[in-house]
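A short write-up of the structure that comes next.
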Amino acid sequence: MITIGIIGTGYVGLVHGAVLAHYGFQVTCMDVDDYKITRLREGESPIYEPGLDKLLKEGLQSGALSFTTSAEQVVHNSDVIFIAVGTPSKMDGSADLRYVREAALSIAQYADRDKLVVLKSTLPVGTCGTFQRYFDSAVAGSGAAYRIEVASNPEFLRQGQAVSDALSPSRVIIGTESEHAERLLQSVYSVHADAGIPFLCTNLESAEMIKYAANSFLAVKISFINEMALLAEKVGANISHIAQGMGMDERISPHFLQAGPGYGGSCFPKDTQALVDVGRRSGEELYVVQAAIAANKKQKQTMLDRISETLSYGGSLKGRTIAVWGLAFKPDTDDIRETPSYDVIQGLSGKGAAIRVYCPQGMKQAVRLWPDLNPSIEYCISEEESAIQADAIVIMTEWEQFRRVDWNAIAGSMRSSFLFDCRNMFGQDKAVRGRFHYYGVGDGSDRRHYTLREAQ
Ligand code: UDX
């Protein structure tokens, strides 16, 4: 039986490790974070991801899954080692490869027999080739007879659906120059092959680029529909109908055409920047991707300006109370990285508004990671509490539970009744819209917009 090692227990590494243990492999997960590993050994997931707790407990109970902080142990235990550490953006937009390099160094240091190193982290094109050359010379230098092979196997899982995406991915991409590595990875993923999930085997560079190209394309799609939404508002059209009509063309597809406050998260903002950087280094300006990044920035600013212009007097929001619902960058996750909520809260509190927030999962992370914003935020235990004496509610994330609130009670407890629905959750809901001065995104058919002063 092939033994598996995972270096990095973030969203990708942890979910991947838990799923491979579920398939019956012996999996050792390693992370340098002592606290995280201690919690994981007790079956406690450091992240909120539906279905993950169950898989972790199952893996720990069966003994298929183990956790360590020792690089030596994970390398020693494993035939196939997945690297799934973070590749954060540097100031210039390029990917910071420090953690991947550290993982590669440990593998070279502790390898004692043939190893397959599989890069799951999103890496600039050419990185896997560089690592292959590094391992070749490290092994040759030590005079050893084994081989360390490299493969690229990008991950497409979405947060909030990571477990189901890992159990049933849209495709498996394997990039490698080695037939042996390809066969080994096909064995690791034999469950997927049996389930008819498509495989694409290609060279290292193409596999690396598929991930960036796919994420950048989706970011372009979102920025495109957001741009159309702003135009729709000006010309009296409705973006939901436009998206529906566009999506009926199967070449376009209805997915990722949901207008909103701009994309966020750990992938799209970082990967689009990194691809632009790779383009520049390679002498190719990527105008389309750059435009998607610029449009995303504009979208967040437009949401902020809309709320602020509607509620402010003389440019100030002093004396206004705004309830913000949703901090996570999308529903069913506690991840607040690059979330548009941050920009909106920062802008509104900067103009003097009191901010009361509620998010089903994101508040713990915000308390920890937003020291700059915390003094101006009041965290609430429910949607209802956040709305008491508020002038407006701003919906930043489309959590399903927001549909089930008691709108009568909420509207009745507010000081003024403005609803900025940045996710168009209630665009078709006449009852909710009727209770508020309602602002969706991209609905130009409703032009009766009031400012707070007019409404009073
Ligand atoms: C993304 C990719 O989908 C996934 O394949 C890759 O592995 C990692 O990056 P994720 O970041 O988890 O996954 O979330 P995703 O569902 O793609 O949403 C990203 C952002 O786009 C969110 O802020 C979301 O709100 C926004 N979005 C998405 C829209 O604004 N409109 C849409 O129609 C879809």
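Numbering starts fresh at 1 for the residues of each chain in the structure tokens, the chains themselves are lettered A, B, ... in the order given, and ligands are numbered from 1 as they appear.
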
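Identified as lying at most 6 Å from ligand 1 when counting only C-alpha atoms and all ligand atoms are the residues Glu155, Phe156, Leu157, Arg158, Gln159, Asn215, Ile222, Phe256, Leu257, Gln258, Ala259, Gly260, Gly262, Tyr263, Gly264, Gly265, Ser266, Cys267, Phe268, Phe329 and Lys330 of chain A.
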
Which residues of segment 112-190 of chain A come within 7 Å of segment 36-53 of chain A, and for each one, what is the closest pair of atoms and their distance in Å to one decimal, counting only C-alpha atoms, sorted by chain and residue number, as JSON lines?
```
{"residue": "A:Gly160", "atom": "CA", "partner": "A:Glu49", "partner_atom": "CA", "distance": 5.6}
{"residue": "A:Gln161", "atom": "CA", "partner": "A:Pro50", "partner_atom": "CA", "distance": 7.0}
{"residue": "A:Ala162", "atom": "CA", "partner": "A:Glu49", "partner_atom": "CA", "distance": 7.0}
{"residue": "A:Val163", "atom": "CA", "partner": "A:Gly51", "partner_atom": "CA", "distance": 6.3}
```

Please run DSSP on the backbone and report, as a PyMOL selection string, all residues within segment 14-258 of chain A that come out as helix (DSSP H, G or I). chain A and resi 14-22+34-41+52-62+71-77+98-110+127-142+162-167+179-188+190-194+204-235+239-247

As a PDB file with N, CA, C and O atoms, in the first residue's frame, please: all residues of segment 63-260 of chain A that backbone DSSP puts in strand (DSSP E).
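Contents of the output file states-v9.pdb:
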```
ATOM      1  N   LEU A  65      -4.969   8.039   9.925  1.00  0.00           N
ATOM      2  CA  LEU A  65      -4.540   9.440   9.877  1.00  0.00           C
ATOM      3  C   LEU A  65      -3.731   9.753  11.119  1.00  0.00           C
ATOM      4  O   LEU A  65      -4.170   9.481  12.243  1.00  0.00           O
ATOM      5  N   SER A  66      -2.533  10.327  10.925  1.00  0.00           N
ATOM      6  CA  SER A  66      -1.779  10.759  12.103  1.00  0.00           C
ATOM      7  C   SER A  66      -1.185  12.134  11.832  1.00  0.00           C
ATOM      8  O   SER A  66      -1.058  12.561  10.682  1.00  0.00           O
ATOM      9  N   PHE A  67      -0.845  12.828  12.919  1.00  0.00           N
ATOM     10  CA  PHE A  67      -0.364  14.206  12.813  1.00  0.00           C
ATOM     11  C   PHE A  67       0.970  14.350  13.516  1.00  0.00           C
ATOM     12  O   PHE A  67       1.198  13.753  14.572  1.00  0.00           O
ATOM     13  N   THR A  68       1.834  15.166  12.933  1.00  0.00           N
ATOM     14  CA  THR A  68       3.159  15.356  13.523  1.00  0.00           C
ATOM     15  C   THR A  68       3.677  16.759  13.215  1.00  0.00           C
ATOM     16  O   THR A  68       3.232  17.390  12.245  1.00  0.00           O
ATOM     17  N   VAL A  80       4.741   8.966  -1.072  1.00  0.00           N
ATOM     18  CA  VAL A  80       4.284  10.130  -1.845  1.00  0.00           C
ATOM     19  C   VAL A  80       4.076  11.267  -0.845  1.00  0.00           C
ATOM     20  O   VAL A  80       3.342  11.119   0.134  1.00  0.00           O
ATOM     21  N   ILE A  81       4.736  12.405  -1.095  1.00  0.00           N
ATOM     22  CA  ILE A  81       4.617  13.535  -0.160  1.00  0.00           C
ATOM     23  C   ILE A  81       3.980  14.711  -0.893  1.00  0.00           C
ATOM     24  O   ILE A  81       4.540  15.235  -1.867  1.00  0.00           O
ATOM     25  N   PHE A  82       2.801  15.098  -0.434  1.00  0.00           N
ATOM     26  CA  PHE A  82       2.131  16.266  -1.009  1.00  0.00           C
ATOM     27  C   PHE A  82       2.585  17.511  -0.258  1.00  0.00           C
ATOM     28  O   PHE A  82       2.555  17.530   0.983  1.00  0.00           O
ATOM     29  N   ILE A  83       2.983  18.534  -0.990  1.00  0.00           N
ATOM     30  CA  ILE A  83       3.284  19.824  -0.350  1.00  0.00           C
ATOM     31  C   ILE A  83       2.067  20.719  -0.545  1.00  0.00           C
ATOM     32  O   ILE A  83       1.651  20.996  -1.678  1.00  0.00           O
ATOM     33  N   LYS A 115      11.182   8.822  -3.510  1.00  0.00           N
ATOM     34  CA  LYS A 115      10.051   9.630  -3.052  1.00  0.00           C
ATOM     35  C   LYS A 115       9.418  10.304  -4.261  1.00  0.00           C
ATOM     36  O   LYS A 115      10.119  10.706  -5.200  1.00  0.00           O
ATOM     37  N   LEU A 116       8.109  10.460  -4.183  1.00  0.00           N
ATOM     38  CA  LEU A 116       7.427  11.313  -5.166  1.00  0.00           C
ATOM     39  C   LEU A 116       6.927  12.540  -4.422  1.00  0.00           C
ATOM     40  O   LEU A 116       6.162  12.423  -3.459  1.00  0.00           O
ATOM     41  N   VAL A 117       7.384  13.714  -4.849  1.00  0.00           N
ATOM     42  CA  VAL A 117       6.967  14.969  -4.221  1.00  0.00           C
ATOM     43  C   VAL A 117       5.916  15.613  -5.112  1.00  0.00           C
ATOM     44  O   VAL A 117       6.167  15.887  -6.290  1.00  0.00           O
ATOM     45  N   VAL A 118       4.727  15.814  -4.557  1.00  0.00           N
ATOM     46  CA  VAL A 118       3.620  16.334  -5.361  1.00  0.00           C
ATOM     47  C   VAL A 118       3.261  17.730  -4.861  1.00  0.00           C
ATOM     48  O   VAL A 118       2.912  17.907  -3.692  1.00  0.00           O
ATOM     49  N   LEU A 119       3.376  18.698  -5.758  1.00  0.00           N
ATOM     50  CA  LEU A 119       3.079  20.071  -5.373  1.00  0.00           C
ATOM     51  C   LEU A 119       1.599  20.359  -5.549  1.00  0.00           C
ATOM     52  O   LEU A 119       1.079  20.343  -6.674  1.00  0.00           O
ATOM     53  N   ILE A 148      14.275  11.343  -6.221  1.00  0.00           N
ATOM     54  CA  ILE A 148      13.136  12.150  -5.759  1.00  0.00           C
ATOM     55  C   ILE A 148      12.498  12.768  -7.004  1.00  0.00           C
ATOM     56  O   ILE A 148      13.135  13.576  -7.694  1.00  0.00           O
ATOM     57  N   GLU A 149      11.279  12.338  -7.290  1.00  0.00           N
ATOM     58  CA  GLU A 149      10.599  12.851  -8.477  1.00  0.00           C
ATOM     59  C   GLU A 149       9.569  13.902  -8.070  1.00  0.00           C
ATOM     60  O   GLU A 149       9.038  13.868  -6.958  1.00  0.00           O
ATOM     61  N   VAL A 150       9.293  14.796  -9.011  1.00  0.00           N
ATOM     62  CA  VAL A 150       8.365  15.895  -8.722  1.00  0.00           C
ATOM     63  C   VAL A 150       7.164  15.815  -9.659  1.00  0.00           C
ATOM     64  O   VAL A 150       7.314  15.508 -10.854  1.00  0.00           O
ATOM     65  N   ALA A 151       5.988  16.075  -9.113  1.00  0.00           N
ATOM     66  CA  ALA A 151       4.782  16.196  -9.951  1.00  0.00           C
ATOM     67  C   ALA A 151       3.975  17.403  -9.479  1.00  0.00           C
ATOM     68  O   ALA A 151       4.065  17.802  -8.311  1.00  0.00           O
ATOM     69  N   SER A 152       3.222  17.961 -10.407  1.00  0.00           N
ATOM     70  CA  SER A 152       2.313  19.051 -10.038  1.00  0.00           C
ATOM     71  C   SER A 152       0.888  18.502 -10.090  1.00  0.00           C
ATOM     72  O   SER A 152       0.515  17.821 -11.043  1.00  0.00           O
ATOM     73  N   VAL A 172      -8.911  15.594 -12.383  1.00  0.00           N
ATOM     74  CA  VAL A 172      -7.620  15.396 -11.716  1.00  0.00           C
ATOM     75  C   VAL A 172      -6.543  15.774 -12.724  1.00  0.00           C
ATOM     76  O   VAL A 172      -6.481  15.201 -13.814  1.00  0.00           O
ATOM     77  N   ILE A 173      -5.736  16.763 -12.370  1.00  0.00           N
ATOM     78  CA  ILE A 173      -4.662  17.211 -13.263  1.00  0.00           C
ATOM     79  C   ILE A 173      -3.339  16.687 -12.717  1.00  0.00           C
ATOM     80  O   ILE A 173      -3.010  16.913 -11.542  1.00  0.00           O
ATOM     81  N   ILE A 174      -2.608  15.980 -13.561  1.00  0.00           N
ATOM     82  CA  ILE A 174      -1.297  15.461 -13.147  1.00  0.00           C
ATOM     83  C   ILE A 174      -0.253  16.002 -14.115  1.00  0.00           C
ATOM     84  O   ILE A 174      -0.307  15.735 -15.318  1.00  0.00           O
ATOM     85  N   GLY A 175       0.679  16.774 -13.564  1.00  0.00           N
ATOM     86  CA  GLY A 175       1.775  17.279 -14.400  1.00  0.00           C
ATOM     87  C   GLY A 175       3.063  16.622 -13.971  1.00  0.00           C
ATOM     88  O   GLY A 175       3.445  16.723 -12.801  1.00  0.00           O
ATOM     89  N   PHE A 199      -9.277  12.584 -16.043  1.00  0.00           N
ATOM     90  CA  PHE A 199      -7.875  12.854 -15.708  1.00  0.00           C
ATOM     91  C   PHE A 199      -7.223  13.577 -16.881  1.00  0.00           C
ATOM     92  O   PHE A 199      -7.516  13.270 -18.038  1.00  0.00           O
ATOM     93  N   LEU A 200      -6.344  14.510 -16.584  1.00  0.00           N
ATOM     94  CA  LEU A 200      -5.530  15.114 -17.637  1.00  0.00           C
ATOM     95  C   LEU A 200      -4.072  15.022 -17.198  1.00  0.00           C
ATOM     96  O   LEU A 200      -3.694  15.568 -16.161  1.00  0.00           O
ATOM     97  N   CYS A 201      -3.278  14.297 -17.993  1.00  0.00           N
ATOM     98  CA  CYS A 201      -1.856  14.186 -17.690  1.00  0.00           C
ATOM     99  C   CYS A 201      -1.097  15.075 -18.665  1.00  0.00           C
ATOM    100  O   CYS A 201      -1.316  14.998 -19.879  1.00  0.00           O
ATOM    101  N   THR A 202      -0.234  15.895 -18.126  1.00  0.00           N
ATOM    102  CA  THR A 202       0.450  16.872 -18.970  1.00  0.00           C
ATOM    103  C   THR A 202       1.829  17.150 -18.389  1.00  0.00           C
ATOM    104  O   THR A 202       2.251  16.468 -17.452  1.00  0.00           O
TER     105      THR A 202
END
```

Tell me which protein, DNA and RNA residues are within 12 Å of Arg404 of chain A, counting only C-alpha atoms, leaving out same-chain ones fewer than 2 positions away, and put them as a VMD selection string. chain A and resid 383 to 384 399 to 402 406 to 408 410 425 to 426 432

Generate the output file for the selected residues, N, CA, C and O atoms, as a CSV table (one decimal), in the first residue's frame.
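And here is the file that came out, out-v5.csv:
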```
chain,number,residue,atom,x,y,z
A,383,GLU,N,-28.4,38.2,14.1
A,383,GLU,CA,-28.8,39.2,13.1
A,383,GLU,C,-29.6,40.2,13.8
A,383,GLU,O,-29.5,41.4,13.7
A,384,GLU,N,-30.6,39.7,14.6
A,384,GLU,CA,-31.5,40.6,15.3
A,384,GLU,C,-30.8,41.6,16.2
A,384,GLU,O,-31.1,42.8,16.2
A,399,TRP,N,-25.2,34.1,3.5
A,399,TRP,CA,-25.4,33.0,4.4
A,399,TRP,C,-26.9,32.6,4.3
A,399,TRP,O,-27.8,33.5,4.4
A,400,GLU,N,-27.2,31.3,4.1
A,400,GLU,CA,-28.6,30.9,3.9
A,400,GLU,C,-29.5,31.3,5.1
A,400,GLU,O,-30.6,31.6,4.9
A,401,GLN,N,-28.9,31.3,6.3
A,401,GLN,CA,-29.7,31.6,7.5
A,401,GLN,C,-30.3,33.0,7.5
A,401,GLN,O,-31.3,33.3,8.1
A,402,PHE,N,-29.7,33.9,6.7
A,402,PHE,CA,-30.2,35.3,6.6
A,402,PHE,C,-31.6,35.3,6.0
A,402,PHE,O,-32.3,36.3,6.1
A,406,ASP,N,-36.6,37.0,11.2
A,406,ASP,CA,-37.9,37.6,11.4
A,406,ASP,C,-37.8,39.1,10.9
A,406,ASP,O,-37.4,40.0,11.7
A,407,TRP,N,-38.1,39.3,9.7
A,407,TRP,CA,-37.9,40.7,9.1
A,407,TRP,C,-38.8,41.7,9.8
A,407,TRP,O,-38.4,42.9,9.9
A,408,ASN,N,-40.0,41.3,10.2
A,408,ASN,CA,-40.9,42.3,10.9
A,408,ASN,C,-40.2,42.8,12.1
A,408,ASN,O,-40.2,44.0,12.4
A,410,ILE,N,-37.1,42.7,13.0
A,410,ILE,CA,-35.9,43.4,12.7
A,410,ILE,C,-36.1,44.8,12.2
A,410,ILE,O,-35.6,45.8,12.8
A,425,MET,N,-29.6,38.8,-2.3
A,425,MET,CA,-30.3,37.7,-1.7
A,425,MET,C,-31.8,37.9,-1.8
A,425,MET,O,-32.6,37.0,-1.9
A,426,PHE,N,-32.3,39.2,-1.7
A,426,PHE,CA,-33.7,39.5,-1.7
A,426,PHE,C,-34.2,40.3,-2.9
A,426,PHE,O,-35.3,40.9,-2.8
A,432,VAL,N,-39.7,41.4,1.6
A,432,VAL,CA,-38.5,42.0,2.3
A,432,VAL,C,-38.2,43.4,1.7
A,432,VAL,O,-38.1,44.3,2.4
```

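Taking atom CA of Val367 of chain A and atom CA of Ala354 of chain A as the two end points, the separation is 16.4 Å.
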
Sorted by chain and rising residue number, which residues of segment 394-431 of chain A lie within 12 Å of segment 227-249 of chain A, and what are their closest atom pairs and distances in Å to one decimal, counting only C-alpha atoms, as a tab-separated table?
```
residue	atom	partner	partner_atom	distance
A:Cys422	CA	A:Ala229	CA	11.4
A:Arg423	CA	A:Ser240	CA	10.9
A:Asn424	CA	A:Ser240	CA	8.5
A:Met425	CA	A:Ser240	CA	10.8
A:Phe426	CA	A:Ser240	CA	11.4
A:Gly427	CA	A:Ser240	CA	8.5
A:Gln428	CA	A:Ser240	CA	9.4
```

Go ahead and write the selection's residues with N, CA and C atoms as a PDB file, in the first residue's frame.
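Once everything was written out, this is out-v3.pdb:
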```
ATOM      1  N   CYS A 422     -25.787  43.462  -0.776  1.00  0.00           N
ATOM      2  CA  CYS A 422     -24.664  43.381  -1.728  1.00  0.00           C
ATOM      3  C   CYS A 422     -24.571  42.017  -2.395  1.00  0.00           C
ATOM      4  N   ARG A 423     -25.441  41.076  -2.022  1.00  0.00           N
ATOM      5  CA  ARG A 423     -25.426  39.746  -2.652  1.00  0.00           C
ATOM      6  C   ARG A 423     -26.726  39.443  -3.383  1.00  0.00           C
ATOM      7  N   ASN A 424     -27.596  40.426  -3.486  1.00  0.00           N
ATOM      8  CA  ASN A 424     -28.885  40.231  -4.164  1.00  0.00           C
ATOM      9  C   ASN A 424     -29.668  39.035  -3.634  1.00  0.00           C
ATOM     10  N   MET A 425     -29.612  38.837  -2.319  1.00  0.00           N
ATOM     11  CA  MET A 425     -30.344  37.706  -1.741  1.00  0.00           C
ATOM     12  C   MET A 425     -31.850  37.922  -1.827  1.00  0.00           C
ATOM     13  N   PHE A 426     -32.256  39.194  -1.747  1.00  0.00           N
ATOM     14  CA  PHE A 426     -33.692  39.473  -1.659  1.00  0.00           C
ATOM     15  C   PHE A 426     -34.204  40.274  -2.855  1.00  0.00           C
ATOM     16  N   GLY A 427     -33.414  40.221  -3.949  1.00  0.00           N
ATOM     17  CA  GLY A 427     -33.794  40.982  -5.144  1.00  0.00           C
ATOM     18  C   GLY A 427     -35.178  40.618  -5.655  1.00  0.00           C
ATOM     19  N   GLN A 428     -35.579  39.329  -5.483  1.00  0.00           N
ATOM     20  CA  GLN A 428     -36.877  38.882  -6.005  1.00  0.00           C
ATOM     21  C   GLN A 428     -37.927  38.811  -4.898  1.00  0.00           C
TER      22      GLN A 428
END
```

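Straight-line separation from atom CA of Glu58 of chain A to atom CA of Thr3 of chain A: 17.8 Å.
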
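Among the candidate residues A:Val12, A:Ala95, A:Val75, A:Ala207, the one lying nearest to Asp114 of chain A is A:Val75, with distances computed using only C-alpha atoms.
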
Of A:Ala366, A:Val74, A:Val188, A:Val32, the one nearest to Gly5 of chain A when counting only C-alpha atoms is A:Val74

Test item: residues at most 12 Å from Ala323 of chain A, only C-alpha atoms, excluding those fewer than 6 positions along its chain, as a VMD selection string: chain A and resid 307 341 344 to 345 348 to 349 353 to 359 377 to 380 382 to 396 410 414 to 421

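Note that atom CA of Asp194 of chain A and atom CA of Ala21 of chain A are 17.5 Å apart.
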
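Distances from A:Lys430, A:Arg171, A:His192, A:His76 to Leu20 of chain A were compared using only C-alpha atoms, and the smallest one belongs to A:His192.
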